[in-house]
$ cat structure-v5.cif   # mmCIF, C-alpha atoms and all ligand atoms
data_protein
loop_
_atom_site.label_atom_id
_atom_site.label_comp_id
_atom_site.auth_asym_id
_atom_site.auth_seq_id
_atom_site.Cartn_x
_atom_site.Cartn_y
_atom_site.Cartn_z
CA MET A 63 0.00 0.00 0.00
CA SER A 64 1.27 3.47 -0.84
CA ASN A 65 2.18 5.59 2.14
CA ILE A 66 1.74 8.88 0.23
CA GLU A 67 -0.67 10.93 2.38
CA LYS A 68 -1.19 14.04 0.34
CA LYS A 69 0.38 15.15 -2.85
CA ASN A 70 0.76 18.79 -3.73
CA PRO A 71 1.90 19.18 -7.32
CA ILE A 72 5.67 18.73 -7.51
CA VAL A 73 7.87 20.93 -9.70
CA LEU A 74 11.53 20.08 -10.30
CA SER A 75 13.70 23.11 -11.08
CA ILE A 76 16.98 22.37 -12.86
CA ALA A 77 18.86 25.67 -12.74
CA GLY A 78 21.78 27.72 -11.43
CA SER A 79 22.09 29.06 -7.89
CA ASP A 80 22.00 32.88 -7.57
CA SER A 81 23.70 33.88 -4.33
CA SER A 82 21.78 37.17 -4.33
CA GLY A 83 18.47 35.27 -4.24
CA GLY A 84 16.72 37.16 -7.05
CA ALA A 85 17.05 34.71 -9.94
CA GLY A 86 17.89 31.06 -10.59
CA ILE A 87 17.04 28.25 -8.17
CA GLN A 88 16.25 30.71 -5.38
CA ALA A 89 13.62 32.55 -7.48
CA ASP A 90 12.22 29.20 -8.59
CA ILE A 91 11.78 27.83 -5.06
CA LYS A 92 10.00 31.04 -3.97
CA THR A 93 7.76 31.01 -7.05
CA ILE A 94 6.90 27.31 -6.94
CA THR A 95 6.14 27.52 -3.20
CA THR A 96 3.98 30.65 -3.64
CA HIS A 97 2.00 28.69 -6.22
CA GLY A 98 1.15 25.99 -3.67
CA CYS A 99 3.49 23.44 -5.25
CA TYR A 100 6.41 21.52 -3.77
CA ALA A 101 9.83 22.56 -5.12
CA ALA A 102 12.53 19.96 -5.79
CA THR A 103 15.85 21.16 -7.23
CA THR A 104 18.86 20.19 -9.28
CA ILE A 105 21.65 22.76 -9.13
CA THR A 106 23.64 23.01 -12.38
CA CYS A 107 26.13 25.64 -11.26
CA VAL A 108 26.76 28.00 -8.38
CA THR A 109 27.09 31.70 -9.15
CA SER A 110 28.37 34.50 -6.93
CA GLN A 111 26.50 37.65 -7.83
CA ASN A 112 24.82 40.79 -6.61
CA SER A 113 23.32 43.78 -8.35
CA HIS A 114 26.82 44.86 -9.41
CA GLY A 115 27.27 41.78 -11.59
CA ILE A 116 28.21 38.09 -11.69
CA PHE A 117 31.64 37.47 -10.15
CA ASP A 118 32.06 33.71 -10.29
CA ILE A 119 30.40 30.67 -11.89
CA VAL A 120 31.29 27.15 -10.74
CA PRO A 121 29.70 24.35 -12.80
CA ILE A 122 28.63 21.27 -10.83
CA PRO A 123 30.18 17.97 -12.06
CA THR A 124 27.82 16.28 -14.52
CA SER A 125 27.81 12.98 -12.56
CA ASN A 126 26.34 14.91 -9.63
CA ILE A 127 23.80 16.70 -11.85
CA ILE A 128 22.62 13.35 -13.21
CA SER A 129 22.41 11.95 -9.70
CA GLN A 130 20.45 14.98 -8.43
CA ILE A 131 17.84 14.55 -11.17
CA GLU A 132 17.64 10.77 -10.92
CA THR A 133 17.28 10.62 -7.15
CA THR A 134 14.38 13.08 -7.28
CA LEU A 135 12.63 11.33 -10.17
CA GLN A 136 13.09 7.89 -8.59
CA ASP A 137 11.37 8.92 -5.36
CA TYR A 138 8.83 11.62 -6.28
CA GLU A 139 6.10 11.81 -8.86
CA VAL A 140 7.17 15.07 -10.51
CA ASP A 141 4.35 16.93 -12.32
CA ALA A 142 6.43 19.49 -14.24
CA ILE A 143 10.08 20.34 -14.81
CA LYS A 144 11.57 23.80 -15.32
CA ILE A 145 15.05 24.12 -16.84
CA GLY A 146 16.97 27.39 -16.49
CA MET A 147 20.72 28.13 -16.59
CA VAL A 148 22.59 25.17 -18.11
CA TYR A 149 25.88 26.95 -18.74
CA ASP A 150 27.93 24.47 -20.83
CA SER A 151 27.54 21.63 -23.32
CA ASP A 152 28.57 18.93 -20.82
CA ILE A 153 25.75 19.97 -18.48
CA ILE A 154 23.30 20.08 -21.40
CA GLY A 155 24.39 16.57 -22.47
CA ALA A 156 23.89 15.23 -18.93
CA ILE A 157 20.40 16.71 -18.58
CA VAL A 158 19.37 15.43 -22.01
CA GLU A 159 20.66 11.94 -21.20
CA VAL A 160 18.42 11.69 -18.12
CA LEU A 161 15.32 13.42 -19.52
CA LYS A 162 15.27 12.29 -23.16
CA ASP A 163 12.48 9.73 -22.65
CA THR A 164 10.43 11.44 -19.97
CA ASP A 165 6.80 12.37 -20.52
CA ILE A 166 6.83 15.00 -17.76
CA PRO A 167 6.05 18.48 -19.20
CA ILE A 168 9.24 20.56 -19.48
CA VAL A 169 9.38 24.38 -19.47
CA ILE A 170 12.73 25.67 -20.74
CA ASP A 171 13.91 29.23 -20.21
CA PRO A 172 16.80 29.39 -22.72
CA VAL A 173 18.87 31.61 -20.43
CA MET A 174 21.87 33.05 -22.28
CA VAL A 175 22.79 36.54 -21.14
CA ALA A 176 21.97 38.22 -17.81
CA SER A 177 20.49 41.72 -17.69
CA SER A 178 23.98 42.84 -16.59
CA SER A 179 25.08 41.64 -20.11
CA GLN A 180 27.17 38.83 -18.64
CA SER A 181 27.05 35.42 -20.27
CA LEU A 182 25.16 32.61 -18.53
CA THR A 183 25.69 30.09 -21.34
CA GLN A 184 29.04 29.46 -22.97
CA GLN A 185 29.00 30.47 -26.63
CA LYS A 186 29.96 26.97 -27.75
CA ALA A 187 27.04 25.45 -25.79
CA ILE A 188 24.39 27.30 -27.78
CA ASP A 189 24.55 24.75 -30.56
CA SER A 190 23.88 21.83 -28.17
CA MET A 191 21.11 23.83 -26.56
CA LYS A 192 19.47 24.21 -29.99
CA LYS A 193 20.09 20.67 -31.23
CA LYS A 194 19.60 18.59 -28.07
CA LEU A 195 17.89 20.46 -25.24
CA LEU A 196 15.17 22.67 -26.74
CA PRO A 197 13.53 19.81 -28.72
CA LEU A 198 12.70 18.20 -25.32
CA ALA A 199 10.60 21.19 -24.28
CA THR A 200 6.85 21.42 -23.94
CA ILE A 201 7.35 25.19 -24.10
CA ILE A 202 10.35 27.51 -24.42
CA THR A 203 10.26 31.08 -23.09
CA PRO A 204 12.94 33.16 -24.88
CA ASN A 205 13.12 36.93 -24.60
CA ILE A 206 13.91 38.94 -27.73
CA PRO A 207 17.75 38.85 -27.44
CA GLU A 208 17.60 35.06 -26.87
CA ALA A 209 15.17 34.54 -29.76
CA LYS A 210 17.54 36.52 -32.02
CA ILE A 211 20.41 34.18 -31.09
CA LEU A 212 18.23 31.09 -31.62
CA LEU A 213 17.04 32.22 -35.07
CA GLY A 214 20.32 33.80 -36.21
CA SER A 215 20.09 35.16 -39.76
CA ARG A 216 16.45 34.06 -39.95
CA TRP A 217 15.37 36.77 -37.47
CA VAL A 218 12.82 39.12 -39.10
CA GLU A 219 11.09 42.37 -38.09
CA ASN A 220 7.72 40.69 -37.51
CA LEU A 221 7.74 39.13 -34.01
CA LYS A 222 4.85 36.78 -34.69
CA VAL A 223 6.74 35.25 -37.62
CA ASN A 224 9.75 34.75 -35.34
CA ALA A 225 7.56 32.99 -32.75
CA TRP A 226 6.15 30.62 -35.42
CA ASN A 227 9.66 29.92 -36.74
CA LEU A 228 10.94 29.06 -33.26
CA ALA A 229 7.99 26.69 -32.76
CA ARG A 230 8.75 24.99 -36.08
CA ASP A 231 12.51 24.79 -35.43
CA PHE A 232 12.21 23.16 -32.04
CA GLY A 233 8.86 21.36 -32.44
CA CYS A 234 7.50 22.90 -29.23
CA ASN A 235 5.22 25.66 -27.96
CA VAL A 236 6.82 29.10 -27.68
CA LEU A 237 6.28 32.11 -25.45
CA LEU A 238 8.22 34.99 -26.99
CA LYS A 239 8.65 37.57 -24.21
CA THR A 240 8.61 41.23 -25.16
CA GLY A 241 9.64 42.88 -21.87
CA HIS A 242 12.56 44.52 -23.69
CA LEU A 243 10.13 46.60 -25.78
CA SER A 244 8.33 49.80 -24.73
CA ARG A 245 4.97 48.06 -25.31
CA ILE A 246 4.72 44.58 -23.82
CA GLU A 247 2.80 42.04 -25.90
CA ASP A 248 4.05 38.53 -25.22
CA ILE A 249 3.34 36.02 -28.00
CA LEU A 250 2.28 32.43 -27.33
CA VAL A 251 2.37 29.98 -30.24
CA GLU A 252 0.80 26.57 -29.57
CA VAL A 253 1.96 24.02 -32.10
CA GLN A 254 -0.69 21.34 -31.79
CA THR A 255 -3.64 23.68 -32.30
CA GLU A 256 -1.65 26.08 -34.51
CA THR A 257 -2.91 29.04 -32.50
CA LEU A 258 -1.33 32.33 -31.54
CA SER A 259 -2.35 34.29 -28.43
CA LEU A 260 -1.18 37.68 -27.17
CA PHE A 261 -0.70 38.83 -23.58
CA ALA A 262 -0.46 42.63 -23.36
CA PHE A 263 0.59 44.68 -20.33
CA ASN A 264 1.42 48.30 -19.60
CA LYS A 265 5.15 48.76 -19.15
CA LEU A 266 5.94 49.44 -15.49
CA GLU A 267 8.53 51.99 -14.40
CA THR A 268 10.81 49.73 -12.35
CA THR A 269 14.39 48.60 -12.61
CA ASN A 270 13.78 45.78 -10.10
CA THR A 271 13.47 43.11 -12.75
CA HIS A 272 16.36 40.76 -11.93
CA GLY A 273 14.93 37.23 -12.01
CA THR A 274 11.84 38.01 -14.09
CA GLY A 275 12.53 35.28 -16.67
CA CYS A 276 13.30 32.62 -14.04
CA THR A 277 10.18 33.53 -12.10
CA LEU A 278 7.93 33.45 -15.17
CA SER A 279 9.13 30.03 -16.33
CA ALA A 280 8.83 28.60 -12.79
CA ALA A 281 5.29 30.03 -12.55
CA ILE A 282 4.31 28.44 -15.88
CA ALA A 283 5.74 25.08 -14.72
CA SER A 284 3.76 25.39 -11.46
CA GLU A 285 0.50 26.20 -13.26
CA ILE A 286 1.02 23.24 -15.60
CA ALA A 287 1.77 21.03 -12.58
CA LYS A 288 -1.55 22.15 -11.09
CA GLY A 289 -3.31 20.89 -14.21
CA ASN A 290 -3.93 24.12 -16.11
CA PRO A 291 -3.96 24.03 -19.92
CA LEU A 292 -0.94 25.81 -21.41
CA LYS A 293 -2.70 29.02 -22.48
CA GLU A 294 -4.23 29.47 -19.03
CA ALA A 295 -0.86 28.65 -17.39
CA VAL A 296 0.76 31.42 -19.44
CA ASN A 297 -2.14 33.82 -18.79
CA LEU A 298 -1.95 33.35 -15.01
CA SER A 299 1.86 33.47 -14.96
CA THR A 300 2.26 36.67 -17.00
CA LYS A 301 -0.31 38.35 -14.70
CA TYR A 302 1.61 37.07 -11.66
CA ILE A 303 4.85 38.63 -12.93
CA HIS A 304 3.07 41.92 -13.57
CA GLU A 305 1.77 41.96 -9.96
CA LEU A 306 5.24 41.16 -8.56
CA LEU A 307 6.79 43.96 -10.61
CA LYS A 308 4.13 46.38 -9.34
CA ALA A 309 5.08 45.44 -5.77
CA SER A 310 8.82 45.64 -6.44
CA MET A 311 10.99 47.87 -4.29
CA ASN A 312 14.61 48.95 -4.11
CA MET A 313 16.52 46.63 -1.83
CA GLY A 314 19.89 48.32 -2.00
CA ASP A 315 22.22 50.52 -3.92
CA HIS A 316 21.98 48.44 -7.09
CA ILE A 317 23.96 49.14 -10.23
CA PHE A 318 22.28 46.74 -12.64
CA ASN A 319 18.68 45.66 -12.12
CA GLY A 320 17.60 44.94 -8.56
CA PRO A 321 15.71 41.74 -7.70
CA MET A 322 12.00 41.52 -8.33
CA TYR A 323 10.03 41.14 -5.13
CA HIS A 324 8.73 37.60 -4.61
CA CYS A 325 7.05 38.07 -1.29
CA ILE A 326 3.47 39.06 -2.12
CA VAL A 327 1.06 36.20 -1.62
N1 LIG B 401 21.69 34.16 -12.37
C1 LIG B 401 21.10 32.99 -12.62
C2 LIG B 401 21.53 31.79 -11.85
C3 LIG B 401 20.09 32.93 -13.59
O1 LIG B 401 19.50 31.76 -13.86
C4 LIG B 401 19.72 34.10 -14.29
C5 LIG B 401 18.68 34.10 -15.31
O2 LIG B 401 18.15 33.11 -15.69
C6 LIG B 401 20.37 35.29 -13.99
C7 LIG B 401 21.36 35.28 -13.03
C8 LIG B 401 20.07 36.57 -14.70
O3 LIG B 401 18.86 37.11 -14.34
P1 LIG B 401 18.43 38.50 -14.97
O4 LIG B 401 18.76 38.46 -16.40
O5 LIG B 401 16.97 38.54 -14.71
O6 LIG B 401 19.18 39.56 -14.23
#
$ encode --input "structure-v5.cif" --output "structure tokens"
Amino acid sequence: MSNIEKKNPIVLSIAGSDSSGGAGIQADIKTITTHGCYAATTITCVTSQNSHGIFDIVPIPTSNIISQIETTLQDYEVDAIKIGMVYDSDIIGAIVEVLKDTDIPIVIDPVMVASSSQSLTQQKAIDSMKKKLLPLATIITPNIPEAKILLGSRWVENLKVNAWNLARDFGCNVLLKTGHLSRIEDILVEVQTETLSLFAFNKLETTNTHGTGCTLSAAIASEIAKGNPLKEAVNLSTKYIHELLKASMNMGDHIFNGPMYHCIV
């Protein structure tokens, strides 16, 4: 007889640690918990950072990354996986090896460059990300600079065309985030139904946006884990980010973007 007493949805975050607590694994745990889900983690690398920049990145050995993922999946019934900072091609290979046959929904934030302009993925890993990792996704959530890197010379002026092209390239749903523009209108392309939906928001005057992408992808994974259809998961999650940004406050004398505020419930 099973001795499981109660099961909240479980979300596994596979991501980097952000010592400043605004992004990465730390943002994911806060977001998943706020959504009423249970957060399990696999740490891919440990960063030392604050609002002045990223000062050190230590990748975790791939044998340990594989073991972190496997031990969680062997014991818990995980409802959704979120993948964030993967840093190098060895780490990508290890994650792909463990997850290649899973049917658990996977949300991938193709993290490449931090808002401080520092690199979170080695240049030579971008090819493995495109060829091996992104095709495993249920949905990818690139921002405009990341989408430009993913499409390369095929990037065009029309954002909707770019979103469709990403969906075709990687065979997955796409949320193209437009927070870098003066008018926010995120684009969701769903491949199975061949539908496009838009999520528009007024741009907020805040520089406390560090961790926005991590938080959004963790929120989408949580909403999927709770059983929401994809469009509703994206709808609820984009609204959640907007509310967090409204509540954001300066936490210190930051140089680049300060952390978004995770603590409203
Ligand atoms: N640090 C880690 C570990 C991250 O995963 C990310 C983004 O995914 C960042 C830093 C950068 O966050 P932002 O670009 O929001 O400043």
$ atom_distance --input "structure-v5.cif" --atom1 "CA of Asp80 in chain A" --atom2 "CA of Val108 in chain A"
6.9 Å
$ residues_near_ligand --input "structure-v5.cif" --ligand "ligand LIG 401 (chain B)" --cutoff "10 Å" --atoms "all atoms listed in the file" --output "VMD selection string"
chain A and resid 76 to 90 105 to 113 115 to 116 119 145 to 149 171 to 183 270 to 277 279 318 to 322
$ closest_residue --input "structure-v5.cif" --among "A:Asn227, A:Asn264, A:Ser75, A:Asn235" --to "Pro197 in chain A" --atoms "all atoms listed in the file"
A:Asn235
$ atom_distance --input "structure-v5.cif" --atom1 "CA of Ala142 in chain A" --atom2 "CA of Val169 in chain A"
7.7 Å
$ closest_residue --input "structure-v5.cif" --among "A:Cys99, A:Ile122, A:Val218, A:Ile303" --to "Ala287 in chain A" --atoms "all atoms listed in the file"
A:Cys99
$ residues_around --input "structure-v5.cif" --residues "Thr255 in chain A" --least-positions-apart "2" --cutoff "12 Å" --atoms "all atoms listed in the file" --output "list in words"
Cys234, Asn235, Leu250, Val251, Glu252, Val253, Thr257, Leu258, Ser259, Leu292 and Lys293 of chain A
$ write_last_selection --input "structure-v5.cif" --atoms "C-alpha atoms" --output "mmCIF file, in the coordinates of the input"
data_model
loop_
_atom_site.group_PDB
_atom_site.id
_atom_site.type_symbol
_atom_site.label_atom_id
_atom_site.label_comp_id
_atom_site.auth_asym_id
_atom_site.auth_seq_id
_atom_site.Cartn_x
_atom_site.Cartn_y
_atom_site.Cartn_z
ATOM 1 C CA CYS A 234 7.500 22.900 -29.230
ATOM 2 C CA ASN A 235 5.220 25.660 -27.960
ATOM 3 C CA LEU A 250 2.280 32.430 -27.330
ATOM 4 C CA VAL A 251 2.370 29.980 -30.240
ATOM 5 C CA GLU A 252 0.800 26.570 -29.570
ATOM 6 C CA VAL A 253 1.960 24.020 -32.100
ATOM 7 C CA THR A 257 -2.910 29.040 -32.500
ATOM 8 C CA LEU A 258 -1.330 32.330 -31.540
ATOM 9 C CA SER A 259 -2.350 34.290 -28.430
ATOM 10 C CA LEU A 292 -0.940 25.810 -21.410
ATOM 11 C CA LYS A 293 -2.700 29.020 -22.480
#
$ atom_distance --input "structure-v5.cif" --atom1 "CA of Asn312 in chain A" --atom2 "CA of Thr93 in chain A"
19.4 Å
